[in-house]
Structure formats: structure tokens, C-alpha cells
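Raw upload_27.csv, CSV, C-alpha atoms:
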chain,number,residue,atom,x,y,z
O,23,MET,CA,116.4,90.8,102.9
O,24,ARG,CA,116.2,92.1,106.4
O,25,LEU,CA,116.7,95.7,105.1
O,26,ALA,CA,113.8,95.3,102.7
O,27,ILE,CA,111.5,94.1,105.4
O,28,LEU,CA,112.5,96.9,107.7
O,29,THR,CA,112.0,99.5,105.0
O,30,VAL,CA,108.5,98.2,104.3
O,31,PHE,CA,107.7,98.2,108.0
O,32,VAL,CA,108.9,101.8,108.5
O,33,ALA,CA,107.0,102.9,105.4
O,34,ALA,CA,103.8,101.3,106.7
O,35,ILE,CA,104.2,103.2,110.0
O,36,PHE,CA,104.8,106.4,108.1
O,37,VAL,CA,101.7,106.0,106.0
O,38,VAL,CA,99.5,105.3,109.0
O,39,HIS,CA,100.6,108.5,110.8
O,40,CYS,CA,100.6,111.0,108.0
O,41,SER,CA,97.7,113.0,106.8
O,42,HIS,CA,98.8,113.5,103.2
O,43,VAL,CA,97.2,111.7,100.3
O,44,PHE,CA,99.4,110.2,97.6
O,45,MET,CA,97.7,108.2,94.8
O,46,GLY,CA,99.0,107.1,91.4
O,47,THR,CA,102.3,108.6,90.1
O,48,SER,CA,103.7,111.9,89.3
O,49,VAL,CA,106.8,110.6,87.6
O,50,GLN,CA,107.1,111.8,83.9
O,51,ARG,CA,103.5,113.2,84.1
O,52,PRO,CA,102.5,116.8,83.3
O,53,LEU,CA,101.0,118.8,86.2
O,54,VAL,CA,97.5,119.9,85.1
O,55,TYR,CA,96.3,121.5,88.3
O,56,ASN,CA,97.8,123.0,91.5
O,57,ARG,CA,95.9,124.9,94.2
O,58,GLU,CA,96.3,125.7,97.8
O,59,VAL,CA,93.0,125.2,99.6
O,60,LYS,CA,92.5,127.2,102.9
O,61,TYR,CA,89.5,127.3,105.2
O,62,ASN,CA,89.2,129.0,108.5
O,63,SER,CA,88.4,127.0,111.7
O,64,GLN,CA,85.0,126.6,113.2
O,65,MET,CA,84.8,126.8,117.0
O,66,PHE,CA,84.4,123.4,118.7
O,67,ARG,CA,83.6,121.7,115.4
O,68,LYS,CA,85.4,119.7,112.7
O,69,ARG,CA,85.4,121.5,109.4
O,70,ILE,CA,84.4,119.3,106.4
O,71,GLU,CA,85.0,120.7,102.9
O,72,TYR,CA,84.7,119.1,99.4
O,73,PHE,CA,87.0,119.7,96.5
O,74,ASN,CA,85.9,118.8,93.0
O,75,PHE,CA,88.1,118.8,89.8
O,76,THR,CA,87.3,117.6,86.2
O,77,LEU,CA,89.9,117.4,83.5
O,78,PRO,CA,88.9,119.4,80.4
O,79,SER,CA,88.4,117.2,77.3
O,80,ASN,CA,90.9,117.6,74.4
O,81,GLY,CA,88.2,117.3,71.7
O,82,PHE,CA,88.6,113.6,71.1
O,83,ALA,CA,88.6,111.9,74.5
O,84,ARG,CA,89.0,112.9,78.1
O,85,PRO,CA,92.5,112.2,79.5
O,86,ALA,CA,92.7,110.2,82.7
O,87,ILE,CA,94.1,111.4,86.0
O,88,GLN,CA,97.4,109.6,86.7
O,89,GLY,CA,98.4,111.1,90.0
O,90,ILE,CA,96.9,112.9,93.0
O,91,LEU,CA,98.9,114.5,95.8
O,92,ALA,CA,97.2,116.4,98.7
O,93,PHE,CA,99.7,117.8,101.2
O,94,ASP,CA,98.5,118.9,104.7
O,95,LEU,CA,100.5,122.1,105.1
O,96,LEU,CA,99.7,122.3,108.8
O,97,LYS,CA,101.0,118.8,109.5
O,98,SER,CA,97.9,118.1,111.6
O,99,THR,CA,95.8,115.1,111.9
O,100,ALA,CA,93.3,116.4,109.3
O,101,SER,CA,92.3,113.9,106.7
O,102,ALA,CA,91.6,113.9,103.0
O,103,ASN,CA,89.8,111.1,101.1
O,104,VAL,CA,88.9,110.5,97.5
O,105,THR,CA,85.1,110.0,97.5
O,106,SER,CA,84.7,109.4,93.8
O,107,GLY,CA,86.7,109.4,90.6
O,108,GLY,CA,90.5,109.5,91.0
O,109,ILE,CA,93.1,107.5,89.2
O,110,GLY,CA,92.0,106.4,85.8
O,111,TYR,CA,89.0,108.7,85.7
O,112,SER,CA,88.7,112.2,84.3
O,113,PHE,CA,87.5,113.7,87.6
O,114,VAL,CA,88.2,113.5,91.3
O,115,ASN,CA,86.2,114.5,94.4
O,116,LEU,CA,88.1,115.0,97.6
O,117,ARG,CA,86.6,115.2,101.1
O,118,MET,CA,88.8,117.1,103.6
O,119,LYS,CA,88.1,117.0,107.4
O,120,SER,CA,90.0,119.1,109.9
O,121,GLU,CA,90.8,118.6,113.6
O,122,ARG,CA,88.2,119.8,116.0
O,123,GLY,CA,88.5,123.6,116.2
O,124,LYS,CA,91.4,123.8,113.7
O,125,LYS,CA,91.6,125.2,110.2
O,126,LEU,CA,92.3,123.3,106.9
O,127,ASP,CA,95.3,124.1,104.7
O,128,TYR,CA,96.0,121.7,101.8
O,129,ASP,CA,98.2,121.9,98.7
O,130,ILE,CA,96.6,119.8,95.9
O,131,TYR,CA,98.4,118.6,92.8
O,132,ILE,CA,96.8,116.7,90.0
O,133,PHE,CA,98.8,115.0,87.2
O,134,ALA,CA,97.5,113.6,83.9
Please rewrite the model in this file as C-alpha cells.
Amino acid sequence: MRLAILTVFVAAIFVVHCSHVFMGTSVQRPLVYNREVKYNSQMFRKRIEYFNFTLPSNGFARPAIQGILAFDLLKSTASANVTSGGIGYSFVNLRMKSERGKKLDYDIYIFA
């Protein structure tokens, strides 16, 4: 019991301090999209960029997104947030914001 509580506590600390986005599941799901997104830095400013993705329809119905992973390759304090869509939808819009004066470098995976 103590080990379970300690594990949850350590996981909560890790989630607070990381800049990656993990939503849904990638277990037993096909990878439908993978892209490395890079943007140069802007002097003395935070860079804000948007990433939009829509699953193509298969003719009958649009499949739903089951998992979204956005890895910060620089391991910085940049942030990525889902602004609309996401898990259960056929589209996702991500907002990425860099540190002041730093560049953005994310690796984005989408599973259906």
C-alpha cells in the first residue's frame, strides 16, 4: 500500500515538471501521424505556434483519435496544450509555446 502511494506521488511530481503531452493510449493502436516540428527562436520573445491535424475519413465514418504524444526534444520548459479536439474527435489542435528567446522542437505522434 505504501509503495502504491509513493508511486502515485512520484508520478504526480514527474507530470508537474515535464513539458511533454501524453493523452489517451498508444497501446495496440496504429500510428497514423508522426512529425517533428521545429521553429527557430525569436529574440527576447516567447514563440507561440499552432499545429492542426485532421484524420482523413475512410468513406463511411471518421475514425477517432485514441492517443496523442508530443515530446519536447529540447527538454525545456516549453509547453504544448490541446486547444480543441483531441481524444474521441477526428481532429486535434495543439498550441506550443517556447521559453523566452528559445526555439521549439517537438516530436508529435497521433494514434487512431
Which centre and which edge lengths, in Å to one decimal, describe the axis-aligned box that holds all listed atoms of range 47-60 of chain O after 6 Å is added on each side, as lines of an AutoDock Vina configuration file?
center_x = 99.8
center_y = 117.9
center_z = 93.1
size_x = 26.6
size_y = 30.6
size_z = 31.6
Around (102.2, 119.3, 90.8) in the file's own coordinates, what residues are found within 6 Å if you use only C-alpha atoms, given back as an mmCIF file with C-alpha atoms, keeping the file's coordinate frame?
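Full text of point.cif as output:
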data_model
loop_
_atom_site.group_PDB
_atom_site.id
_atom_site.type_symbol
_atom_site.label_atom_id
_atom_site.label_comp_id
_atom_site.auth_asym_id
_atom_site.auth_seq_id
_atom_site.Cartn_x
_atom_site.Cartn_y
_atom_site.Cartn_z
ATOM 1 C CA LEU O 53 101.000 118.800 86.200
ATOM 2 C CA ASN O 56 97.800 123.000 91.500
ATOM 3 C CA TYR O 131 98.400 118.600 92.800
#
Original post:
range 57-67 of chain O: which residues within 8 Å, counting all atoms listed in the file, same-chain residues fewer than 5 positions away excluded, as a count of residues only?
Top reply: 10
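For the set O:Ile132, O:Tyr72, O:Ile87, O:Glu121, the residue with the smallest atom-to-atom gap to Thr105 in chain O is O:Tyr72, counting only C-alpha atoms.
Across the structure, CA of Gly110 in chain O and CA of Ile70 in chain O are spaced 25.5 Å apart.
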Original post:
From the list O:Val54, O:Ser120, O:Val104, O:Phe73, which residue is nearest Pro85 in chain O when using all atoms listed in the file?
Top reply: O:Val54
